[in-house]
Each structure stands twice: as C-alpha cells, then as structure tokens.
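Notes for the one structure printed next.
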Amino acid sequence: MEIIVQKFGGTSVKDEPSRKQALKHVQYAIDQGDKVIVVVSAIGRKGAPYATDSLLGLVHGDQSRLTDRELDMLVSVGETISTTVFTELAREQGLNVLAMTGQDAGIVTNDDFQNAKILRVNTQPIEAAFKDADVVVVTGFQGATETGHITTIGRGGSDTSAAILGAAFKAKRVDIFTDVNGMMTADPRLVTHARFIEAISYEELANMAHEGAKVIDPRAVEIAEQAHVPMRIRSTYQAPDELGTLVTDRTTTQIEHYRTVTGIAHQTNLTQFTVPTDTLSSSEIFQLMAQHHLSVDFINITQHQVVFNLVNGDAHVAAALLTKAHVHCQAIGDCAKVSVVGAGITGTPGVTARIVTALSTQHIEILQSTDSYTTIWVLVKQADLKAAMNALHDEFLGVEK
C-alpha cells in the first residue's frame with residue numbers, strides 16, 4: 001500500500017466548485033492505486049466566515065481575553081468544519097472516505113498552545129481506517145496534547161500537518177495544492193520575467209519560504225527534507241497529471257546543478273535600526289528586544305554598533321524602549337529585504353559583485369547586506385523594491401542567462 005498526502009489550502013476549499021476540483025486530484029490518485037491522506041485548511045481567507053482570522057475577530061483578535069488554550073478551542077474549529085464539508089462532498093461523489101480531527105489522526109503535541117510542537121504521530125488510527133477506506137481527510141493545523149487538550153501548530157500549520165503525516169507514513173510524496181502552478185523564480189506580481197521552476201532542492205525552497213515566498217511554510221519543507229519525502233507544489237486548478245514543482249534532495253538528477261541562483265525572494269514593511277553600543281552593549285540591546293518579545297532579523301554586529309531589522313509594526317515599541325534606556329539610535333522605516341537564493345552560490349566567486357553592480361546601475365542604495373552559503377541578503381528602501389527585484393532577476397535569471 002502506497003500513500004500520497006494531499007494538502008489543500010483555504011483557496012482550494014473555499015467553495016463547492018473548488019472542492020470538486022480538489023476531489024479530481026484525490027480521485028486521480030486513487031485511480032493510480034494509492035491511498036490518500038487529505039489535509040485541509042480552513043475554508044477561504046480573511047473575511048470568509050470560518051477562516052482563522054474571521055474566527056479570531058469574534059473575540060477581538062490580539063486583544064482577546066481568552067487564554068491561548070481557549071483560543072485554540074476557537075480557531076481549530078475552522079479546519080474541523082472544512083474537513084467535514086470536504087468529506088461530505090467526497091462521499092456524495094462516491095469516494096470511500098473517513099474524516100478525522102488531528103487528535104483522531106494520532107497527532108500528539110506539547111502544550112505550547114497557539115504554536116504547539118508536534119511530538120509524534122501515532123499511525124495506528126489512519127492505518128486502521130485504510131483497511132476499509134481509500135481516503136482519510138484530516139484537519140490541518142491542529143493536534144492534541146498528551147492529556148487531550150486541542151492545540152494549533154501556528155500559521156502555515158496545515159503544510160506542517162501534511163509534511164509530518166507524509167514523514168510518519170513514509171509517503172510516496174506530499175502534494176501541496178495552492179492557487180499557483182508551482183514555484184516561480186520570483187513574485188510575478190513584481191518581476192516581469194519571473195518563470196516557473198521545474199525542480200528545487202529542499203534547502204533552496206526553505207530559504208525562499210523563510211525569506212518571504214508565501215507558497216509553503218518552511219517548517220513543512222524542513223520536515224520533508226529530514227524524512228527524504230518528495231514534495232510537489234501544485235495548483236488545484238490544473239489537470240491532475242500536471243505535477244507542478246518537484247521539491248527533492250539536491251543530489252537528484254532533476255535539479256539543475258549548473259545554476260548559481262534559483263530564485264529571488266523578498267520581505268517588506270521592515271524598519272532598520274542602527275544602534276551604537278556606547279550606552280548598552282550589543283548583548284544588552286538584544287536582551288532588551290527579547291524581553292519584550294520583539295523578533296529581530298537581518299543582524300550585523302560591529303565593534304561600535306549593531307544593526308538589525310524589525311517589522312514596521314514593532315518599530316515604535318523598540319524605539320520607545322531604546323529611548324527609555326537613553327540610547328540614541330537611527331531608524332529607517334519602510335525598508336525591504338531582497339534575498340538571492342541558490343545552492344550554487346557556495347564556492348562561486350563574484351556573486352556579490354554582480355549584485356552590487358546590478359543595483360548600483362539602477363541607482364539603488366544598499367542599506368545593509370549579509371550572506372550565508374546559499375543566500376545573499378540586501379536591504380533596500382521599499383520604494384526601490386520592484387526595481388531591485390527586476391535588476392537582480394535579470395542579472396541572474398534573465399532569459400539569456
């Protein structure tokens with residue numbers, strides 16, 4: 001018995017026509033002789049009545065008086081509704097199907113409510129279900145503690161649910177269905193010549209997802225990599241035999257080993273802080289941020305100052321904390337981080353020089369930069385984002401490159 005895991009996001013289950021299209025993929029897998037674990041997100045996106053943000057709006061969102069445990073009771077309902085609605089339609093269409101909550105499916109988490117960590121998966125419930133059923137539909141985004149309290153596993157958690165089930169059952173692959181045809185070399189809304197990527201390594205995709213590509217949660221990619229379970233990023237609205245982007249080990253033959261750069265990702269709405277270390281040391285500055293739950297990113301540390309970024313919404317909190325500590329800092333709002341990602345960057349000379357030249361040719365100021373083995377980051381003013389993205393994409397991924 002071979003198992004495929006298929007995850008359908010909110011836009012893939014938003015209405016009956018979309019759910020019927022999703023079921024074509026389920027039926028296709030059954031026709032190929034596979035058992036199918038379907039993982040669904042809540043129906044629709046913000047504004048839809050059972051979407052996670054809509055449910056949170058019922059209790060004043062971030063200002064709610066509910067505990068995190070009680071919030072999990074609320075927001076987990078969206079996936080439960082989606083699962084039962086999807087199962088009803090599947091049964092109407094003649095599929096032999098069974099619905100399960102995360103707890104029913106054996107997903108055990110710790111008690112870090114709102115952002116729980118999956119401890120293990122008990123495979124017996126789904127294995128037992130597959131003795132009779134061809135399809136098990138599982139609520140994404142949720143599990144339960146050892147003592148039976150329902151938990152949710154953070155935004156993007158349905159991707160993580162799919163990946164962890166794929167790993168637990170040694171699935172043939174995990175398909176992540178969304179409203180795009182697969183991974184693109186950059187956001188096509190910003191980059192004129194962005195194009196489809198046929199195959200990408202786990203590491204490259206995780207880096208792009210961490211740096212702003214919204215197509216998949218990076219935790220899911222990391223789980224699949226550890227278990228060596230292939231993934232596919234696919235569109236619900238394509239034909240079932242169109243397989244989208246393959247995500248796999250870098251050593252497989254499908255990966256273009258000669259390419260230096262695979263894609264360009266970006267994050268917006270950042271504020272850059274440059275903080276001298278004459279009043280507070282660098283460690284004291286970062287401890288101050290951590291004590292107030294501010295997640296700093298894109299960090300440079302020198303002998304006399306530290307530079308870091310926060311999302312714009314947290315910038316006023318950080319500025320007030322530093323002022324109260326009698327630290328005078330420089331803050332530049334409305335910045336964007338552009339990430340050049342590619343496994344081929346490692347050991348390839350001249351990549352940074354090409355980045356600097358491409359941006360300077362367009363008169364784009366680089367506010368900050370840093371690099372790792374597979375990613376080079378630059379910070380620019382958000383007004384320059386589109387020009388920066390296109391300049392770097394044309395330099396490394398243009399049609400003639």
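For the structure tokens, the naming scheme is as follows: chains receive sequential letters (A, B, ...) according to their order of presentation, residues are indexed from 1 within each chain, and ligands are indexed from 1 in presentation order.
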
Could you produce a table of the residues of stretch 222-298 of chain A lying within 12 Å of stretch 1-22 of chain A, with the nearest pair of atoms per residue and their separation in Å rounded to one decimal, using only C-alpha atoms, ordered by chain and increasing residue number, as a Markdown table?
| residue | atom | partner | partner_atom | distance |
| --- | --- | --- | --- | --- |
| A:Ala224 | CA | A:Val5 | CA | 11.7 |
| A:Val229 | CA | A:Ile4 | CA | 10.4 |
| A:Pro230 | CA | A:Ile4 | CA | 10.3 |
| A:Met231 | CA | A:Val5 | CA | 9.4 |
| A:Arg232 | CA | A:Gln6 | CA | 9.5 |
| A:Ile233 | CA | A:Lys7 | CA | 9.9 |
| A:Arg234 | CA | A:Phe8 | CA | 9.9 |
| A:Ser235 | CA | A:Ser12 | CA | 8.8 |
| A:Thr236 | CA | A:Ala22 | CA | 5.8 |
| A:Tyr237 | CA | A:Gln21 | CA | 6.5 |
| A:Gln238 | CA | A:Gln21 | CA | 8.8 |
| A:Ala239 | CA | A:Gln21 | CA | 9.1 |
| A:Pro240 | CA | A:Ala22 | CA | 9.2 |

File of the preceding selection, C-alpha atoms, as a tab-separated table (two decimals), in the first residue's frame:
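Ended up saving to result08.tsv:
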chain	number	residue	atom	x	y	z
A	224	ALA	CA	10.11	16.60	4.39
A	229	VAL	CA	9.87	12.60	1.33
A	230	PRO	CA	9.48	14.25	-2.08
A	231	MET	CA	7.07	17.16	-2.32
A	232	ARG	CA	5.19	18.79	-5.15
A	233	ILE	CA	3.96	22.39	-5.20
A	234	ARG	CA	0.89	22.24	-7.43
A	235	SER	CA	-2.20	24.14	-8.49
A	236	THR	CA	-5.60	22.78	-7.55
A	237	TYR	CA	-6.92	24.17	-10.83
A	238	GLN	CA	-4.53	22.30	-13.13
A	239	ALA	CA	-5.18	18.88	-14.59
A	240	PRO	CA	-4.30	16.02	-12.21

If you count only C-alpha atoms, which residues fall within 12 Å of A:Ala128, apart from same-chain ones fewer than 4 positions away, as a PyMOL selection string? chain A and resi 98+104-106+122-124+132-136

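By only C-alpha atoms, and with residues fewer than 2 positions from A:Asn269 along its chain excluded, the set lying at most 6 Å from it is A:Val311, A:Asn312, A:Asp334, A:Cys335.
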
Between A:Ala383, A:Leu190, A:Ile107, A:Ile345, which is the closest to A:Thr151 once you count only C-alpha atoms?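 Closest to A:Thr151 of all the choices is A:Ile107.
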
Enumerate, as a count of residues only, the complete set of residues in stretch 16-89 of chain A that a backbone-based DSSP assignment places in strand (DSSP E or B). 8

Between atom CA of A:Lys24 and atom CA of A:Arg91, what is the spacing in Å?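 About the pair atom CA of A:Arg91 and atom CA of A:Lys24: they are 13.1 Å apart.
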
Once DSSP has gone over the backbone, tell me which residues of stretch 157-200 of chain A are in alpha helix (DSSP H), as a list in words.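 Taking stretch 157-200 of chain A and keeping alpha helix (DSSP H) only, one gets Gly157, Ser158, Asp159, Thr160, Ser161, Ala162, Ala163, Ile164, Leu165, Gly166, Ala167 and Ala168 of chain A.
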
Using all heavy atoms, can you write the selected residues to a file as a JSON list (two decimals), in the first residue's frame?
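The resulting again11.json:
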[["chain", "number", "residue", "atom", "x", "y", "z"],
["A", 157, "GLY", "N", 0.29, 26.01, 9.56],
["A", 157, "GLY", "CA", 0.34, 24.70, 10.20],
["A", 157, "GLY", "C", -0.23, 23.57, 9.38],
["A", 157, "GLY", "O", 0.12, 22.40, 9.60],
["A", 158, "SER", "N", -1.12, 23.85, 8.43],
["A", 158, "SER", "CA", -1.66, 22.77, 7.60],
["A", 158, "SER", "C", -0.57, 22.17, 6.72],
["A", 158, "SER", "O", -0.54, 20.95, 6.48],
["A", 158, "SER", "CB", -2.82, 23.27, 6.75],
["A", 158, "SER", "OG", -3.92, 23.59, 7.57],
["A", 159, "ASP", "N", 0.35, 22.99, 6.22],
["A", 159, "ASP", "CA", 1.50, 22.47, 5.49],
["A", 159, "ASP", "C", 2.32, 21.54, 6.38],
["A", 159, "ASP", "O", 2.76, 20.46, 5.97],
["A", 159, "ASP", "CB", 2.40, 23.61, 5.01],
["A", 159, "ASP", "CG", 1.78, 24.46, 3.91],
["A", 159, "ASP", "OD1", 0.79, 24.01, 3.31],
["A", 159, "ASP", "OD2", 2.29, 25.56, 3.67],
["A", 160, "THR", "N", 2.52, 21.98, 7.63],
["A", 160, "THR", "CA", 3.29, 21.18, 8.58],
["A", 160, "THR", "C", 2.58, 19.87, 8.88],
["A", 160, "THR", "O", 3.21, 18.81, 8.97],
["A", 160, "THR", "CB", 3.52, 21.98, 9.87],
["A", 160, "THR", "OG1", 4.16, 23.22, 9.55],
["A", 160, "THR", "CG2", 4.41, 21.21, 10.84],
["A", 161, "SER", "N", 1.26, 19.93, 9.05],
["A", 161, "SER", "CA", 0.49, 18.69, 9.28],
["A", 161, "SER", "C", 0.70, 17.71, 8.14],
["A", 161, "SER", "O", 0.91, 16.51, 8.36],
["A", 161, "SER", "CB", -1.00, 19.02, 9.41],
["A", 161, "SER", "OG", -1.26, 19.86, 10.49],
["A", 162, "ALA", "N", 0.62, 18.21, 6.91],
["A", 162, "ALA", "CA", 0.79, 17.34, 5.75],
["A", 162, "ALA", "C", 2.18, 16.72, 5.71],
["A", 162, "ALA", "O", 2.34, 15.52, 5.46],
["A", 162, "ALA", "CB", 0.52, 18.13, 4.47],
["A", 163, "ALA", "N", 3.19, 17.53, 6.00],
["A", 163, "ALA", "CA", 4.56, 17.03, 5.95],
["A", 163, "ALA", "C", 4.82, 15.99, 7.04],
["A", 163, "ALA", "O", 5.47, 14.97, 6.80],
["A", 163, "ALA", "CB", 5.55, 18.19, 6.08],
["A", 164, "ILE", "N", 4.31, 16.24, 8.24],
["A", 164, "ILE", "CA", 4.56, 15.30, 9.34],
["A", 164, "ILE", "C", 3.84, 13.99, 9.10],
["A", 164, "ILE", "O", 4.34, 12.91, 9.42],
["A", 164, "ILE", "CB", 4.17, 15.93, 10.71],
["A", 164, "ILE", "CG1", 4.92, 15.23, 11.84],
["A", 164, "ILE", "CG2", 2.70, 15.89, 10.95],
["A", 164, "ILE", "CD1", 6.38, 15.55, 11.93],
["A", 165, "LEU", "N", 2.65, 14.04, 8.50],
["A", 165, "LEU", "CA", 1.95, 12.80, 8.15],
["A", 165, "LEU", "C", 2.68, 12.08, 7.02],
["A", 165, "LEU", "O", 2.80, 10.85, 7.03],
["A", 165, "LEU", "CB", 0.50, 13.11, 7.76],
["A", 165, "LEU", "CG", -0.42, 13.50, 8.93],
["A", 165, "LEU", "CD1", -1.73, 14.08, 8.41],
["A", 165, "LEU", "CD2", -0.68, 12.31, 9.84],
["A", 166, "GLY", "N", 3.19, 12.84, 6.05],
["A", 166, "GLY", "CA", 3.98, 12.22, 4.99],
["A", 166, "GLY", "C", 5.20, 11.52, 5.53],
["A", 166, "GLY", "O", 5.55, 10.41, 5.09],
["A", 167, "ALA", "N", 5.87, 12.14, 6.49],
["A", 167, "ALA", "CA", 7.05, 11.53, 7.10],
["A", 167, "ALA", "C", 6.68, 10.29, 7.91],
["A", 167, "ALA", "O", 7.34, 9.25, 7.84],
["A", 167, "ALA", "CB", 7.76, 12.55, 7.99],
["A", 168, "ALA", "N", 5.60, 10.38, 8.68],
["A", 168, "ALA", "CA", 5.20, 9.27, 9.55],
["A", 168, "ALA", "C", 4.80, 8.03, 8.75],
["A", 168, "ALA", "O", 5.07, 6.90, 9.16],
["A", 168, "ALA", "CB", 4.04, 9.70, 10.45]]

Excluding stretch 284-287 of chain A and residues on its chain fewer than 2 positions from it, collect all residues at most 9 Å away from it, counting only C-alpha atoms, and give them as a PyMOL selection string. chain A and resi 275+277+280-282+289-292+296+306+322

Limited to all heavy atoms, could you put the picked residues into a file as an mmCIF file, in the first residue's frame?
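The file below, again_24.cif, is the result:
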data_model
loop_
_atom_site.group_PDB
_atom_site.id
_atom_site.type_symbol
_atom_site.label_atom_id
_atom_site.label_comp_id
_atom_site.auth_asym_id
_atom_site.auth_seq_id
_atom_site.Cartn_x
_atom_site.Cartn_y
_atom_site.Cartn_z
ATOM 1 N N VAL A 275 22.127 50.997 16.064
ATOM 2 C CA VAL A 275 22.178 51.339 17.486
ATOM 3 C C VAL A 275 23.631 51.325 17.959
ATOM 4 O O VAL A 275 24.296 50.274 17.911
ATOM 5 C CB VAL A 275 21.359 50.334 18.328
ATOM 6 C CG1 VAL A 275 21.294 50.792 19.779
ATOM 7 C CG2 VAL A 275 19.957 50.165 17.746
ATOM 8 N N THR A 277 26.735 51.120 20.546
ATOM 9 C CA THR A 277 26.888 50.274 21.737
ATOM 10 C C THR A 277 27.654 50.986 22.848
ATOM 11 O O THR A 277 28.260 50.351 23.708
ATOM 12 C CB THR A 277 27.591 48.960 21.367
ATOM 13 O OG1 THR A 277 28.817 49.263 20.667
ATOM 14 C CG2 THR A 277 26.716 48.101 20.488
ATOM 15 N N LEU A 280 24.464 50.880 25.873
ATOM 16 C CA LEU A 280 24.189 49.466 26.137
ATOM 17 C C LEU A 280 25.084 48.624 25.239
ATOM 18 O O LEU A 280 25.346 48.986 24.086
ATOM 19 C CB LEU A 280 22.721 49.124 25.844
ATOM 20 C CG LEU A 280 21.637 49.771 26.709
ATOM 21 C CD1 LEU A 280 20.261 49.301 26.238
ATOM 22 C CD2 LEU A 280 21.826 49.434 28.182
ATOM 23 N N SER A 281 25.534 47.493 25.762
ATOM 24 C CA SER A 281 26.316 46.578 24.936
ATOM 25 C C SER A 281 25.393 45.884 23.937
ATOM 26 O O SER A 281 24.163 45.907 24.059
ATOM 27 C CB SER A 281 27.004 45.534 25.810
ATOM 28 O OG SER A 281 26.042 44.666 26.397
ATOM 29 N N SER A 282 25.992 45.233 22.946
ATOM 30 C CA SER A 282 25.179 44.527 21.948
ATOM 31 C C SER A 282 24.315 43.454 22.604
ATOM 32 O O SER A 282 23.128 43.304 22.265
ATOM 33 C CB SER A 282 26.081 43.914 20.867
ATOM 34 O OG SER A 282 27.024 43.031 21.440
ATOM 35 N N MET A 289 15.336 43.613 23.517
ATOM 36 C CA MET A 289 14.352 43.261 22.490
ATOM 37 C C MET A 289 13.658 41.940 22.835
ATOM 38 O O MET A 289 12.433 41.812 22.736
ATOM 39 C CB MET A 289 15.029 43.144 21.121
ATOM 40 C CG MET A 289 15.688 44.410 20.607
ATOM 41 S SD MET A 289 14.558 45.801 20.326
ATOM 42 C CE MET A 289 15.058 46.907 21.658
ATOM 43 N N ALA A 290 14.424 40.962 23.265
ATOM 44 C CA ALA A 290 13.865 39.641 23.560
ATOM 45 C C ALA A 290 12.904 39.698 24.741
ATOM 46 O O ALA A 290 11.859 39.025 24.744
ATOM 47 C CB ALA A 290 14.992 38.648 23.841
ATOM 48 N N GLN A 291 13.244 40.493 25.759
ATOM 49 C CA GLN A 291 12.389 40.598 26.939
ATOM 50 C C GLN A 291 11.002 41.128 26.600
ATOM 51 O O GLN A 291 10.026 40.840 27.293
ATOM 52 C CB GLN A 291 13.050 41.505 27.979
ATOM 53 C CG GLN A 291 14.241 40.866 28.683
ATOM 54 C CD GLN A 291 15.093 41.899 29.422
ATOM 55 O OE1 GLN A 291 14.737 43.090 29.484
ATOM 56 N NE2 GLN A 291 16.206 41.460 29.967
ATOM 57 N N HIS A 292 10.917 41.867 25.504
ATOM 58 C CA HIS A 292 9.632 42.435 25.092
ATOM 59 C C HIS A 292 9.085 41.729 23.842
ATOM 60 O O HIS A 292 8.255 42.274 23.121
ATOM 61 C CB HIS A 292 9.779 43.940 24.852
ATOM 62 C CG HIS A 292 10.016 44.708 26.129
ATOM 63 N ND1 HIS A 292 11.279 44.807 26.693
ATOM 64 C CD2 HIS A 292 9.163 45.352 26.966
ATOM 65 C CE1 HIS A 292 11.193 45.519 27.807
ATOM 66 N NE2 HIS A 292 9.925 45.854 27.993
ATOM 67 N N VAL A 296 13.978 40.192 16.228
ATOM 68 C CA VAL A 296 14.870 40.943 15.345
ATOM 69 C C VAL A 296 15.380 40.037 14.230
ATOM 70 O O VAL A 296 15.440 38.824 14.360
ATOM 71 C CB VAL A 296 16.055 41.546 16.127
ATOM 72 C CG1 VAL A 296 15.561 42.476 17.208
ATOM 73 C CG2 VAL A 296 16.933 40.456 16.724
ATOM 74 N N VAL A 306 25.302 47.981 16.528
ATOM 75 C CA VAL A 306 24.574 46.837 15.988
ATOM 76 C C VAL A 306 23.517 47.367 15.036
ATOM 77 O O VAL A 306 22.967 48.463 15.228
ATOM 78 C CB VAL A 306 23.912 45.988 17.098
ATOM 79 C CG1 VAL A 306 24.963 45.393 18.011
ATOM 80 C CG2 VAL A 306 22.894 46.787 17.881
ATOM 81 N N LEU A 322 14.366 51.844 23.517
ATOM 82 C CA LEU A 322 15.726 52.378 23.408
ATOM 83 C C LEU A 322 15.800 53.805 23.955
ATOM 84 O O LEU A 322 16.773 54.181 24.630
ATOM 85 C CB LEU A 322 16.196 52.321 21.962
ATOM 86 C CG LEU A 322 16.418 50.900 21.404
ATOM 87 C CD1 LEU A 322 16.584 50.920 19.895
ATOM 88 C CD2 LEU A 322 17.637 50.251 22.062
#

Kindly indicate which residue among A:Arg69, A:Lys35, A:His363, A:His210 lies nearest to A:Ile126, using only C-alpha atoms for the distances.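 Closest to A:Ile126 of all the choices is A:Lys35.
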
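Checking A:Thr147, A:Thr302, A:Thr80, A:Thr260 one by one against A:Thr348, counting only C-alpha atoms, you find the shortest gap at A:Thr260.
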
If you measure from atom CA of A:Ala315 to atom CA of A:Leu288, what distance in Å do you get, rounded to one decimal?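 Separating atom CA of A:Ala315 from atom CA of A:Leu288 is a distance of 13.4 Å.
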
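Every protein or nucleic acid residue with an atom no more than 7 Å from A:Phe196, counting only C-alpha atoms and leaving out same-chain residues fewer than 6 positions away, appears here: Gly182, Met183, Met184 and Thr185 of chain A.
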
Name the residues in contact with A:Gly148 at a cut-off of 10 Å, using only C-alpha atoms, excluding same-chain residues fewer than 5 positions from it; report them as an MDAnalysis selection string. chainID A and resid 103 108:109 111 143

Using only C-alpha atoms, pick whichever of A:Tyr202, A:Gln114, A:Gly94, A:Ala325 has the shortest atom-to-atom distance to A:Leu56.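 Smallest separation from A:Leu56 among the options: A:Gln114.
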
Which residue out of A:Arg259, A:His328, A:Thr192, A:Asp278 has the minimum interatomic distance to A:Ala387 when only C-alpha atoms are used?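 That would be A:Thr192, the residue with the smallest distance to A:Ala387.
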
A:Glu395, A:Asp53, A:Asp72, A:Asp371: which is nearest A:Asp112, counting only C-alpha atoms?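 Closest candidate: A:Asp72.
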